[in-house]
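Dumped entry11.txt below, it's compact mmCIF, C-alpha atoms and all ligand atoms:
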# COMPACT_ATOMS: atom_id res chain seq x y z
CA MET M 1071 -0.22 30.63 10.07
CA THR M 1072 -2.93 30.31 12.72
CA ASP M 1073 -2.18 31.51 16.25
CA ILE M 1074 -5.02 31.26 18.79
CA LYS M 1075 -5.12 31.75 22.58
CA ASP M 1076 -7.24 29.44 24.80
CA TYR M 1077 -8.03 27.09 21.94
CA ASN M 1078 -10.39 24.13 22.39
CA LEU M 1079 -8.84 20.89 21.12
CA LEU M 1080 -12.11 18.96 20.71
CA ASN M 1081 -11.72 18.77 16.93
CA ASN M 1082 -7.99 18.03 17.18
CA ASN M 1083 -8.16 14.70 18.99
CA THR M 1084 -9.89 11.60 17.67
CA PHE M 1085 -10.97 10.58 21.21
CA GLY M 1086 -13.33 13.56 21.06
CA ILE M 1087 -12.27 14.96 24.44
CA SER M 1088 -12.97 18.62 25.14
CA GLU M 1089 -9.93 20.31 26.71
CA ASP M 1090 -8.27 23.66 25.99
CA CYS M 1091 -4.66 24.60 25.44
CA ARG M 1092 -3.20 28.01 26.35
CA ARG M 1093 -1.94 28.68 22.80
CA PHE M 1094 -2.40 26.85 19.52
CA VAL M 1095 -0.18 27.57 16.52
CA GLN M 1096 -0.56 25.95 13.13
CA PHE M 1097 2.26 26.62 10.66
CA ASP M 1098 2.14 26.13 6.88
CA THR M 1099 5.82 26.32 5.93
CA VAL M 1100 9.27 25.53 7.29
CA GLY M 1101 10.00 29.28 7.28
CA GLU M 1102 6.98 30.02 9.45
CA LEU M 1103 7.98 27.28 11.89
CA ARG M 1104 11.56 28.58 12.10
CA SER M 1105 10.43 32.17 12.84
CA LEU M 1106 8.01 30.87 15.42
CA LEU M 1107 10.62 28.74 17.21
CA ILE M 1108 13.06 31.65 17.32
CA SER M 1109 10.36 33.93 18.77
CA LEU M 1110 9.23 31.57 21.55
CA THR M 1111 9.92 32.63 25.14
CA PRO M 1112 9.91 30.56 28.36
CA ALA M 1113 6.33 31.79 28.89
CA ASP M 1114 5.27 29.74 25.84
CA SER M 1115 6.52 26.48 27.37
CA PRO M 1116 5.90 23.64 27.56
CA LEU M 1117 5.52 22.85 23.85
CA LEU M 1118 3.53 20.00 22.41
CA VAL M 1119 3.83 18.99 18.78
CA MET M 1120 0.52 17.54 17.71
CA GLY M 1121 -0.29 15.58 14.56
CA GLY M 1122 -3.79 14.41 13.74
CA GLY M 1123 -4.41 13.81 17.47
CA SER M 1124 -5.14 10.14 16.76
CA ASN M 1125 -2.82 8.79 19.42
CA LEU M 1126 -3.51 11.23 22.20
CA LEU M 1127 -5.56 11.27 25.40
CA LEU M 1128 -6.21 14.73 26.83
CA THR M 1129 -6.67 14.53 30.58
CA LYS M 1130 -6.58 18.23 31.46
CA ARG M 1131 -6.13 21.74 30.06
CA PHE M 1132 -2.69 22.04 28.46
CA GLU M 1133 -0.90 25.03 29.98
CA GLY M 1134 1.48 25.51 27.10
CA THR M 1135 1.75 25.88 23.32
CA VAL M 1136 0.49 23.29 20.86
CA LEU M 1137 2.35 23.27 17.53
CA ARG M 1138 0.55 21.71 14.59
CA SER M 1139 2.14 21.18 11.19
CA ASN M 1140 0.17 22.08 8.10
CA ILE M 1141 3.19 21.56 5.82
CA LYS M 1142 1.73 19.83 2.78
CA GLY M 1143 3.10 18.26 -0.37
CA ILE M 1144 4.04 14.90 -1.83
CA GLU M 1145 7.11 15.29 -4.03
CA VAL M 1146 8.46 12.46 -6.18
CA MET M 1147 12.26 12.34 -6.12
CA GLU M 1148 14.17 9.96 -8.31
CA CYS M 1149 16.31 7.49 -6.48
CA GLU M 1150 19.82 6.53 -7.54
CA ASP M 1151 18.61 2.95 -7.70
CA SER M 1152 16.18 2.57 -10.62
CA ASP M 1153 13.85 0.13 -8.81
CA SER M 1154 12.94 2.61 -6.08
CA VAL M 1155 11.44 6.04 -5.69
CA PHE M 1156 11.67 8.60 -2.90
CA LEU M 1157 8.51 10.44 -1.84
CA ARG M 1158 9.30 13.58 0.15
CA CYS M 1159 6.17 14.46 2.11
CA GLY M 1160 5.22 17.42 4.29
CA SER M 1161 4.73 16.46 7.94
CA GLY M 1162 1.17 17.84 7.86
CA GLU M 1163 0.06 15.55 5.03
CA CYS M 1164 -2.44 12.89 6.00
CA PHE M 1165 -0.44 9.64 6.06
CA ASP M 1166 -3.16 7.68 4.29
CA ASP M 1167 -3.18 10.19 1.42
CA VAL M 1168 0.48 9.25 0.91
CA VAL M 1169 -0.43 5.54 0.94
CA ALA M 1170 -3.28 6.15 -1.55
CA TYR M 1171 -0.97 8.24 -3.79
CA SER M 1172 1.70 5.51 -3.71
CA VAL M 1173 -0.68 2.69 -4.61
CA GLU M 1174 -2.23 4.82 -7.37
CA HIS M 1175 1.16 5.63 -8.91
CA GLY M 1176 2.67 2.14 -8.70
CA TYR M 1177 5.05 2.83 -5.80
CA TYR M 1178 4.91 -0.11 -3.40
CA GLY M 1179 5.63 -0.91 0.24
CA ALA M 1180 3.06 1.28 2.01
CA GLU M 1181 -0.15 -0.57 1.09
CA ASN M 1182 -0.30 -2.65 4.30
CA LEU M 1183 -0.38 0.62 6.26
CA SER M 1184 -3.67 1.70 4.63
CA ILE M 1185 -6.09 3.94 6.56
CA ILE M 1186 -4.00 4.27 9.68
CA PRO M 1187 -5.17 7.63 11.00
CA GLY M 1188 -2.67 10.43 11.59
CA ASP M 1189 -0.15 12.61 9.82
CA VAL M 1190 3.16 12.00 8.10
CA GLY M 1191 5.10 13.60 10.99
CA ALA M 1192 3.52 11.24 13.51
CA SER M 1193 4.35 8.20 11.35
CA ALA M 1194 8.01 8.97 11.92
CA VAL M 1195 7.65 9.58 15.65
CA GLN M 1196 5.39 6.64 16.47
CA ASN M 1197 6.65 4.10 13.92
CA ILE M 1198 3.06 3.22 13.11
CA GLY M 1199 2.47 -0.33 12.02
CA ALA M 1200 -0.12 -2.82 10.83
CA TYR M 1201 -0.41 -6.12 9.00
CA GLY M 1202 3.22 -7.05 9.30
CA CYS M 1203 4.64 -3.67 8.12
CA GLU M 1204 5.92 -0.66 10.01
CA ALA M 1205 6.68 2.92 8.96
CA LYS M 1206 10.38 2.20 9.61
CA ASP M 1207 10.33 -0.24 6.68
CA ILE M 1208 9.73 2.68 4.27
CA ILE M 1209 11.20 5.71 6.05
CA HIS M 1210 14.38 6.89 4.31
CA LYS M 1211 15.06 10.16 6.11
CA VAL M 1212 13.42 12.64 8.44
CA GLU M 1213 13.87 16.42 8.28
CA ALA M 1214 13.19 18.49 11.38
CA LEU M 1215 13.91 21.83 13.00
CA ASP M 1216 15.70 22.04 16.31
CA VAL M 1217 13.27 23.61 18.79
CA CYS M 1218 16.00 25.62 20.57
CA THR M 1219 17.87 26.99 17.55
CA GLY M 1220 15.42 26.72 14.62
CA GLU M 1221 18.18 25.01 12.64
CA THR M 1222 17.52 22.18 10.19
CA ALA M 1223 18.44 18.65 11.21
CA VAL M 1224 18.29 15.62 8.91
CA PHE M 1225 18.20 12.07 10.27
CA SER M 1226 18.66 8.77 8.49
CA ASN M 1227 16.37 5.86 9.28
CA GLU M 1228 19.12 4.24 11.41
CA GLU M 1229 19.66 7.42 13.42
CA CYS M 1230 15.97 7.39 14.43
CA ARG M 1231 16.52 3.97 16.12
CA TYR M 1232 13.11 2.58 15.38
CA GLY M 1233 11.51 -0.13 17.50
CA TYR M 1234 7.94 -1.36 18.01
CA ARG M 1235 5.87 1.87 18.19
CA HIS M 1236 9.05 3.64 19.25
CA SER M 1237 11.74 6.06 18.01
CA ARG M 1238 14.26 8.49 19.46
CA PHE M 1239 11.65 11.23 18.89
CA LYS M 1240 9.56 9.52 21.61
CA GLY M 1241 12.57 8.89 23.83
CA GLU M 1242 15.72 10.95 24.33
CA TRP M 1243 14.75 13.47 21.58
CA LYS M 1244 11.28 14.13 22.98
CA GLY M 1245 10.50 17.85 22.68
CA LYS M 1246 13.81 18.56 20.91
CA TYR M 1247 12.69 18.59 17.27
CA VAL M 1248 9.68 19.45 15.15
CA ILE M 1249 9.47 17.23 12.07
CA THR M 1250 8.90 19.12 8.81
CA HIS M 1251 9.29 16.43 6.12
CA VAL M 1252 9.58 12.66 5.89
CA THR M 1253 11.05 10.96 2.81
CA TYR M 1254 9.73 7.45 2.21
CA LYS M 1255 11.55 4.96 0.00
CA LEU M 1256 9.13 2.87 -2.04
CA SER M 1257 9.69 0.16 -4.58
CA LYS M 1258 8.63 0.13 -8.22
CA ASN M 1259 8.22 -3.66 -7.93
CA PHE M 1260 5.27 -5.03 -5.99
CA VAL M 1261 6.07 -7.71 -3.41
CA PRO M 1262 2.87 -8.64 -1.54
CA HIS M 1263 3.03 -9.15 2.24
CA LEU M 1264 -0.04 -11.23 2.99
CA GLU M 1265 1.11 -13.42 5.87
CA TYR M 1266 -0.43 -11.41 8.69
CA GLY M 1267 -3.88 -12.13 10.14
CA ASN M 1268 -6.74 -12.84 7.79
CA ILE M 1269 -5.58 -11.02 4.63
CA ILE M 1270 -5.27 -14.23 2.60
CA ALA M 1271 -8.65 -15.53 3.83
CA GLU M 1272 -10.28 -12.22 2.83
CA LEU M 1273 -8.66 -12.31 -0.64
CA ASP M 1274 -9.80 -15.93 -1.06
CA LYS M 1275 -13.35 -14.95 -0.17
CA ARG M 1276 -13.24 -12.44 -3.03
CA GLY M 1277 -11.76 -14.99 -5.43
CA ILE M 1278 -8.47 -13.04 -5.75
CA THR M 1279 -5.50 -15.39 -6.08
CA ASN M 1280 -2.94 -12.99 -7.52
CA PRO M 1281 -3.57 -9.67 -5.76
CA ASP M 1282 -2.11 -6.34 -6.83
CA ALA M 1283 -1.41 -3.49 -4.40
CA LYS M 1284 -4.88 -2.01 -4.96
CA ASP M 1285 -6.47 -5.34 -3.93
CA VAL M 1286 -4.31 -5.47 -0.79
CA ARG M 1287 -5.19 -1.88 0.12
CA LYS M 1288 -8.90 -2.54 -0.42
CA VAL M 1289 -8.90 -5.73 1.69
CA ILE M 1290 -7.00 -4.06 4.54
CA ILE M 1291 -9.36 -1.07 4.49
CA ASP M 1292 -12.33 -3.42 4.71
CA ILE M 1293 -10.79 -5.52 7.53
CA ARG M 1294 -9.95 -2.40 9.54
CA ASN M 1295 -13.34 -0.81 8.97
CA ALA M 1296 -15.09 -3.98 10.13
CA LYS M 1297 -13.09 -4.13 13.39
CA LEU M 1298 -12.09 -0.61 14.31
CA PRO M 1299 -14.61 2.07 15.29
CA ASP M 1300 -14.90 5.23 13.18
CA PRO M 1301 -13.73 8.15 15.37
CA LYS M 1302 -16.40 10.35 13.78
CA VAL M 1303 -19.04 8.04 15.28
CA GLU M 1304 -17.30 6.91 18.50
CA GLY M 1305 -14.20 8.74 19.69
CA ASN M 1306 -11.14 6.50 19.96
CA ALA M 1307 -7.39 6.44 19.36
CA GLY M 1308 -6.98 3.05 17.65
CA SER M 1309 -5.08 0.52 19.73
CA PHE M 1310 -5.02 1.92 23.24
CA PHE M 1311 -2.40 -0.53 24.53
CA MET M 1312 0.77 -1.98 23.05
CA ASN M 1313 1.03 -5.73 22.67
CA PRO M 1314 3.26 -6.97 25.51
CA VAL M 1315 6.41 -8.96 24.85
CA ALA M 1316 6.82 -11.95 27.19
CA SER M 1317 9.96 -13.89 28.01
CA LYS M 1318 10.00 -17.41 26.60
CA GLU M 1319 9.59 -18.83 30.11
CA LYS M 1320 6.54 -16.68 30.89
CA PHE M 1321 5.08 -17.37 27.44
CA LEU M 1322 5.41 -21.17 27.83
CA SER M 1323 3.77 -21.10 31.24
CA LEU M 1324 0.84 -19.04 29.85
CA LEU M 1325 0.55 -21.31 26.82
CA SER M 1326 0.25 -24.38 29.00
CA ASP M 1327 -2.68 -22.73 30.84
CA TYR M 1328 -4.20 -21.25 27.65
CA PRO M 1329 -3.26 -23.48 24.69
CA SER M 1330 -5.29 -21.39 22.21
CA MET M 1331 -3.54 -18.12 23.13
CA PRO M 1332 -2.48 -16.29 19.94
CA HIS M 1333 1.16 -15.15 19.84
CA TYR M 1334 3.78 -13.74 17.49
CA HIS M 1335 7.35 -14.93 17.47
CA ILE M 1336 9.88 -12.16 18.15
CA ASP M 1337 13.12 -14.06 18.70
CA GLU M 1338 14.41 -17.16 20.48
CA ASP M 1339 13.76 -15.66 23.90
CA HIS M 1340 10.60 -13.58 23.34
CA GLU M 1341 7.00 -13.86 22.08
CA LYS M 1342 4.49 -11.05 21.61
CA ILE M 1343 1.02 -11.65 23.05
CA PRO M 1344 -1.96 -9.67 21.69
CA ALA M 1345 -3.21 -7.35 24.44
CA GLY M 1346 -6.66 -7.50 22.81
CA TRP M 1347 -6.82 -11.22 23.56
CA LEU M 1348 -5.68 -10.74 27.20
CA ILE M 1349 -8.29 -8.00 27.71
CA GLU M 1350 -11.06 -10.04 26.10
CA GLN M 1351 -10.19 -13.04 28.33
CA CYS M 1352 -10.64 -10.79 31.36
CA GLY M 1353 -14.22 -10.15 30.20
CA TRP M 1354 -13.82 -6.50 29.23
CA LYS M 1355 -14.97 -6.63 25.59
CA GLY M 1356 -17.94 -4.28 25.22
CA CYS M 1357 -17.73 -3.27 28.91
CA GLY M 1358 -16.91 -0.14 30.85
CA LEU M 1359 -16.76 0.95 34.49
CA SER M 1360 -19.81 1.69 36.64
CA SER M 1361 -19.77 4.79 38.84
CA GLU M 1362 -18.81 2.45 41.72
CA GLY M 1363 -15.76 1.36 39.73
CA ASN M 1364 -17.02 -2.13 38.75
CA MET M 1365 -17.15 -3.76 35.33
CA ALA M 1366 -20.45 -2.79 33.68
CA ASP M 1367 -22.28 -3.02 30.35
CA GLY M 1368 -20.57 -0.55 27.99
CA ALA M 1369 -23.94 0.72 26.75
CA GLU M 1370 -24.39 2.38 30.16
CA CYS M 1371 -20.90 3.91 30.36
CA LYS M 1372 -19.28 7.00 28.86
CA ALA M 1373 -16.03 5.11 28.24
CA ALA M 1374 -15.94 1.46 27.18
CA VAL M 1375 -13.91 -1.29 25.54
CA HIS M 1376 -14.91 -1.61 21.87
CA SER M 1377 -17.19 -4.59 21.28
CA LYS M 1378 -15.31 -5.85 18.20
CA GLN M 1379 -11.66 -5.23 19.20
CA ALA M 1380 -10.74 -5.21 22.88
CA LEU M 1381 -7.52 -3.27 22.27
CA VAL M 1382 -9.55 -0.15 21.50
CA LEU M 1383 -11.19 2.06 24.13
CA VAL M 1384 -14.07 4.24 22.96
CA ASN M 1385 -15.70 7.45 24.07
CA LYS M 1386 -19.39 6.61 23.98
CA GLY M 1387 -20.19 10.30 24.35
CA GLY M 1388 -19.15 12.91 26.89
CA ALA M 1389 -16.28 10.88 28.41
CA THR M 1390 -13.49 12.87 30.03
CA GLY M 1391 -9.83 11.94 29.92
CA ALA M 1392 -10.21 10.86 33.57
CA ASP M 1393 -13.00 8.39 32.60
CA ILE M 1394 -10.71 6.78 30.01
CA VAL M 1395 -7.75 6.69 32.43
CA ALA M 1396 -9.89 5.01 35.13
CA LEU M 1397 -11.00 2.35 32.64
CA SER M 1398 -7.44 1.86 31.40
CA ASP M 1399 -6.17 1.43 34.98
CA ALA M 1400 -8.89 -1.12 35.80
CA ILE M 1401 -8.09 -3.13 32.65
CA ARG M 1402 -4.36 -3.11 33.37
CA ARG M 1403 -5.03 -4.32 36.94
CA SER M 1404 -7.20 -7.21 35.83
CA VAL M 1405 -4.75 -8.33 33.11
CA ARG M 1406 -1.96 -8.28 35.71
CA GLU M 1407 -4.07 -10.24 38.23
CA LYS M 1408 -5.24 -12.91 35.76
CA PHE M 1409 -2.11 -13.37 33.66
CA GLY M 1410 0.75 -11.75 35.60
CA VAL M 1411 1.43 -9.60 32.51
CA ASP M 1412 1.83 -5.80 32.48
CA ILE M 1413 0.32 -3.95 29.54
CA TYR M 1414 1.16 -0.34 28.75
CA PRO M 1415 -0.80 2.32 26.84
CA GLU M 1416 0.33 3.09 23.31
CA VAL M 1417 -1.63 6.32 23.46
CA ASN M 1418 0.16 9.39 24.82
CA PHE M 1419 -1.47 10.92 27.92
CA LEU M 1420 -1.43 14.66 28.29
N1 LIG U 1501 -7.75 -10.66 19.59
C1 LIG U 1501 -8.73 -11.16 20.44
N2 LIG U 1501 -9.64 -10.29 20.94
C2 LIG U 1501 -9.67 -8.99 20.61
C3 LIG U 1501 -8.68 -8.48 19.74
C4 LIG U 1501 -7.72 -9.34 19.25
O1 LIG U 1501 -8.74 -12.35 20.76
O2 LIG U 1501 -10.55 -8.28 21.08
C5 LIG U 1501 -6.79 -11.60 18.99
C6 LIG U 1501 -7.11 -11.81 17.51
O3 LIG U 1501 -8.02 -12.85 17.33
C7 LIG U 1501 -5.76 -12.15 16.94
C8 LIG U 1501 -4.80 -11.34 17.80
O4 LIG U 1501 -5.51 -11.02 19.00
O5 LIG U 1501 -5.47 -13.50 17.12
C9 LIG U 1501 -4.32 -10.07 17.11
O6 LIG U 1501 -5.40 -9.25 16.78
P1 LIG U 1501 -5.35 -8.19 15.56
O7 LIG U 1501 -4.85 -8.86 14.34
O8 LIG U 1501 -6.67 -7.52 15.53
O9 LIG U 1501 -4.21 -7.20 15.93
P2 LIG U 1501 -3.74 -6.53 17.27
O10 LIG U 1501 -2.51 -7.19 17.76
O11 LIG U 1501 -4.89 -6.46 18.22
C10 LIG U 1501 -2.14 -4.86 16.06
C11 LIG U 1501 -1.89 -3.38 16.01
C12 LIG U 1501 -2.96 -2.66 15.20
C13 LIG U 1501 -2.95 -3.22 13.80
C14 LIG U 1501 -3.20 -4.74 13.88
C15 LIG U 1501 -3.09 -5.40 12.53
C16 LIG U 1501 -0.74 -2.83 18.10
C17 LIG U 1501 -0.83 -2.14 19.41
N3 LIG U 1501 -1.85 -2.84 17.36
O12 LIG U 1501 -3.38 -5.06 16.76
O13 LIG U 1501 -2.61 -1.29 15.14
O14 LIG U 1501 -3.94 -2.62 13.00
O15 LIG U 1501 -2.20 -5.36 14.73
O16 LIG U 1501 -1.76 -5.38 12.14
O17 LIG U 1501 0.32 -3.35 17.74
C18 LIG U 1501 -2.97 0.84 16.16
O18 LIG U 1501 -1.79 0.82 16.49
O19 LIG U 1501 -3.73 1.80 16.46
C19 LIG U 1501 -3.53 -0.31 15.46
C20 LIG U 1501 -4.84 -0.40 15.17
Show the structure stored in the file as structure tokens.
Ligand code: EPU
Amino acid sequence: MTDIKDYNLLNNNTFGISEDCRRFVQFDTVGELRSLLISLTPADSPLLVMGGGSNLLLTKRFEGTVLRSNIKGIEVMECEDSDSVFLRCGSGECFDDVVAYSVEHGYYGAENLSIIPGDVGASAVQNIGAYGCEAKDIIHKVEALDVCTGETAVFSNEECRYGYRHSRFKGEWKGKYVITHVTYKLSKNFVPHLEYGNIIAELDKRGITNPDAKDVRKVIIDIRNAKLPDPKVEGNAGSFFMNPVASKEKFLSLLSDYPSMPHYHIDEDHEKIPAGWLIEQCGWKGCGLSSEGNMADGAECKAAVHSKQALVLVNKGGATGADIVALSDAIRRSVREKFGVDIYPEVNFL
């Protein structure tokens, strides 16, 4: 276990923001976590459970205790149904290592979630998603410790009430549990999900007509790498905003003004509109804010909208949380003014 006072979180957030926390504790086992929770006093509050820090924007020093899981392990558990397998994974495992392990061993269902940054624990909080799949599609159960009592709690997928980038751990259970393990249910039979975006076009380009899971993983890794900035080069937290869901009425009125607007069908009454498209239409792609608060060339700004994917905000070097928040606010204002649509950050502000 690591327990450090006045710890700098620069290497613990992919935005590359330099802020301290009052206390930082990294635990390696469930036992260590339980002892820690039992020993905490009100002086240690508030608590923040942190994963890989890939969905976090630090805006100030955190006057509390950061808890970070280093519980490792990928354990194969047989499933009562012979077509499936359970993988019980420590919350501190890198989620993509689980995806890579699954593809390598012929366990399917996770391949579309390739190279999403972050840890196993966060996958169950955030319901991460990409290319038509979400973590909720493979999560079987979640094990956690109750922060107040240190007792074990086990939740089924249904009990977590997953929605788009949402779960009870982000809502009414926020701060109540620390996740220790997630068990994913994967299939021994490969069923490709290629409908989303340009996966099929990319496979075609490579002359692959009958892809296996390794092909799908490879193509998705290449698509993501081409569009999304590497946090080691330019700090970022992936998609900064969630894609807004519009009522059918609002959607139809926007579509008549912008017939080429991309959209995803949700249900009879709702359509999802890509926030990246809305932001690009407002002229923000590759731009940031000048010191006077006006739109400016991103090359001259510390914080900017990524030039290849407008949903991603990047730290061009030395940006503070406040710089990113100011840019986010300006973008939200212009999207509201131009389209009458509110967009909300997916990233958690601290
Ligand atoms: N688009 C633009 N301009 C842009 C970005 C996107 O016009 O700058 C358009 C694209 O042309 C496309 C549509 O918007 O028609 C959707 O774009 P894309 O497929 O890139 O996906 P997204 O909706 O922007 C979502 C997820 C990503 C995930 C991709 C692929 C959210 C908030 N984001 O992005 O997740 O990788 O789909 O499935 O739902 C993340 O959460 O960090 C993340 C990267």
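Each of M:Thr1072, M:Gln1351, M:Asn1418, M:Ser1115 was compared to Ile1401 in chain M using all atoms listed in the file, and M:Gln1351 turns out to be the nearest.
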Practice problem: Select, counting only C-alpha atoms, all protein, DNA and RNA residues no farther than 9 Å from (2.9, 2.0, 21.7) in file coordinates, and express the selection as a PyMOL selection string. | Solution: chain M and resi 1196-1198+1234-1236+1309-1313+1414-1418
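All residues, whether protein, DNA or RNA, that have an atom at most 6 Å from ligand LIG 1501 (chain U) (counting only C-alpha atoms and all ligand atoms) are Ala1200, Tyr1201, Gly1202, Gly1267, Gly1308, Ser1309, Phe1311, Met1312, Asn1313, Pro1332, Pro1344, Gly1346, Trp1347, Glu1350, Gln1379, Ala1380 and Leu1381 of chain M.
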Exercise. Mind checking which residues fall within 6 Å of Gly1134 in chain M, counting only C-alpha atoms, ignoring those fewer than 6 positions away in the same chain, and posting them as a PyMOL selection string?
Key: chain M and resi 1092+1114-1117
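The shell of residues at most 9 Å from Ala1214 in chain M, with only C-alpha atoms counted and near chain neighbours (fewer than 6 positions) removed, consists of M:Glu1221, M:Thr1222, M:Ala1223, M:Val1224, M:Phe1225, M:Tyr1247, M:Val1248, M:Ile1249, M:Thr1250, M:His1251, M:Val1252.
Across the model, the gap from CA of Asn1078 in chain M to CA of Ala1369 in chain M is 27.4 Å.
As for CA of Cys1218 in chain M and CA of Leu1128 in chain M, they are spaced 25.5 Å apart.
If you look at CA of Pro1314 in chain M and CA of Lys1408 in chain M, they are 14.6 Å away from each other.
Proximity to Ala1192 in chain M was assessed for M:Ile1074, M:Val1286, M:Leu1397, M:Cys1164 counting all atoms listed in the file; the smallest distance is recorded for M:Cys1164.
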Determine, using only C-alpha atoms, which residues of range 1279-1398 of chain M have any atom at most 8 Å from an atom of range 1254-1263 of chain M, and tabulate each with its shortest atom pair and distance in Å to one decimal place, rows ordered by chain and then rising number, as CSV.
residue,atom,partner,partner_atom,distance
M:Pro1281,CA,M:Pro1262,CA,7.8
M:Asp1282,CA,M:Phe1260,CA,7.5
M:Ala1283,CA,M:Phe1260,CA,7.0
M:Val1286,CA,M:Pro1262,CA,7.9
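The closest residue to Thr1099 in chain M, picked from M:Thr1129, M:Asn1082, M:Ser1361, M:Asn1140 and counting all atoms listed in the file, is M:Asn1140.
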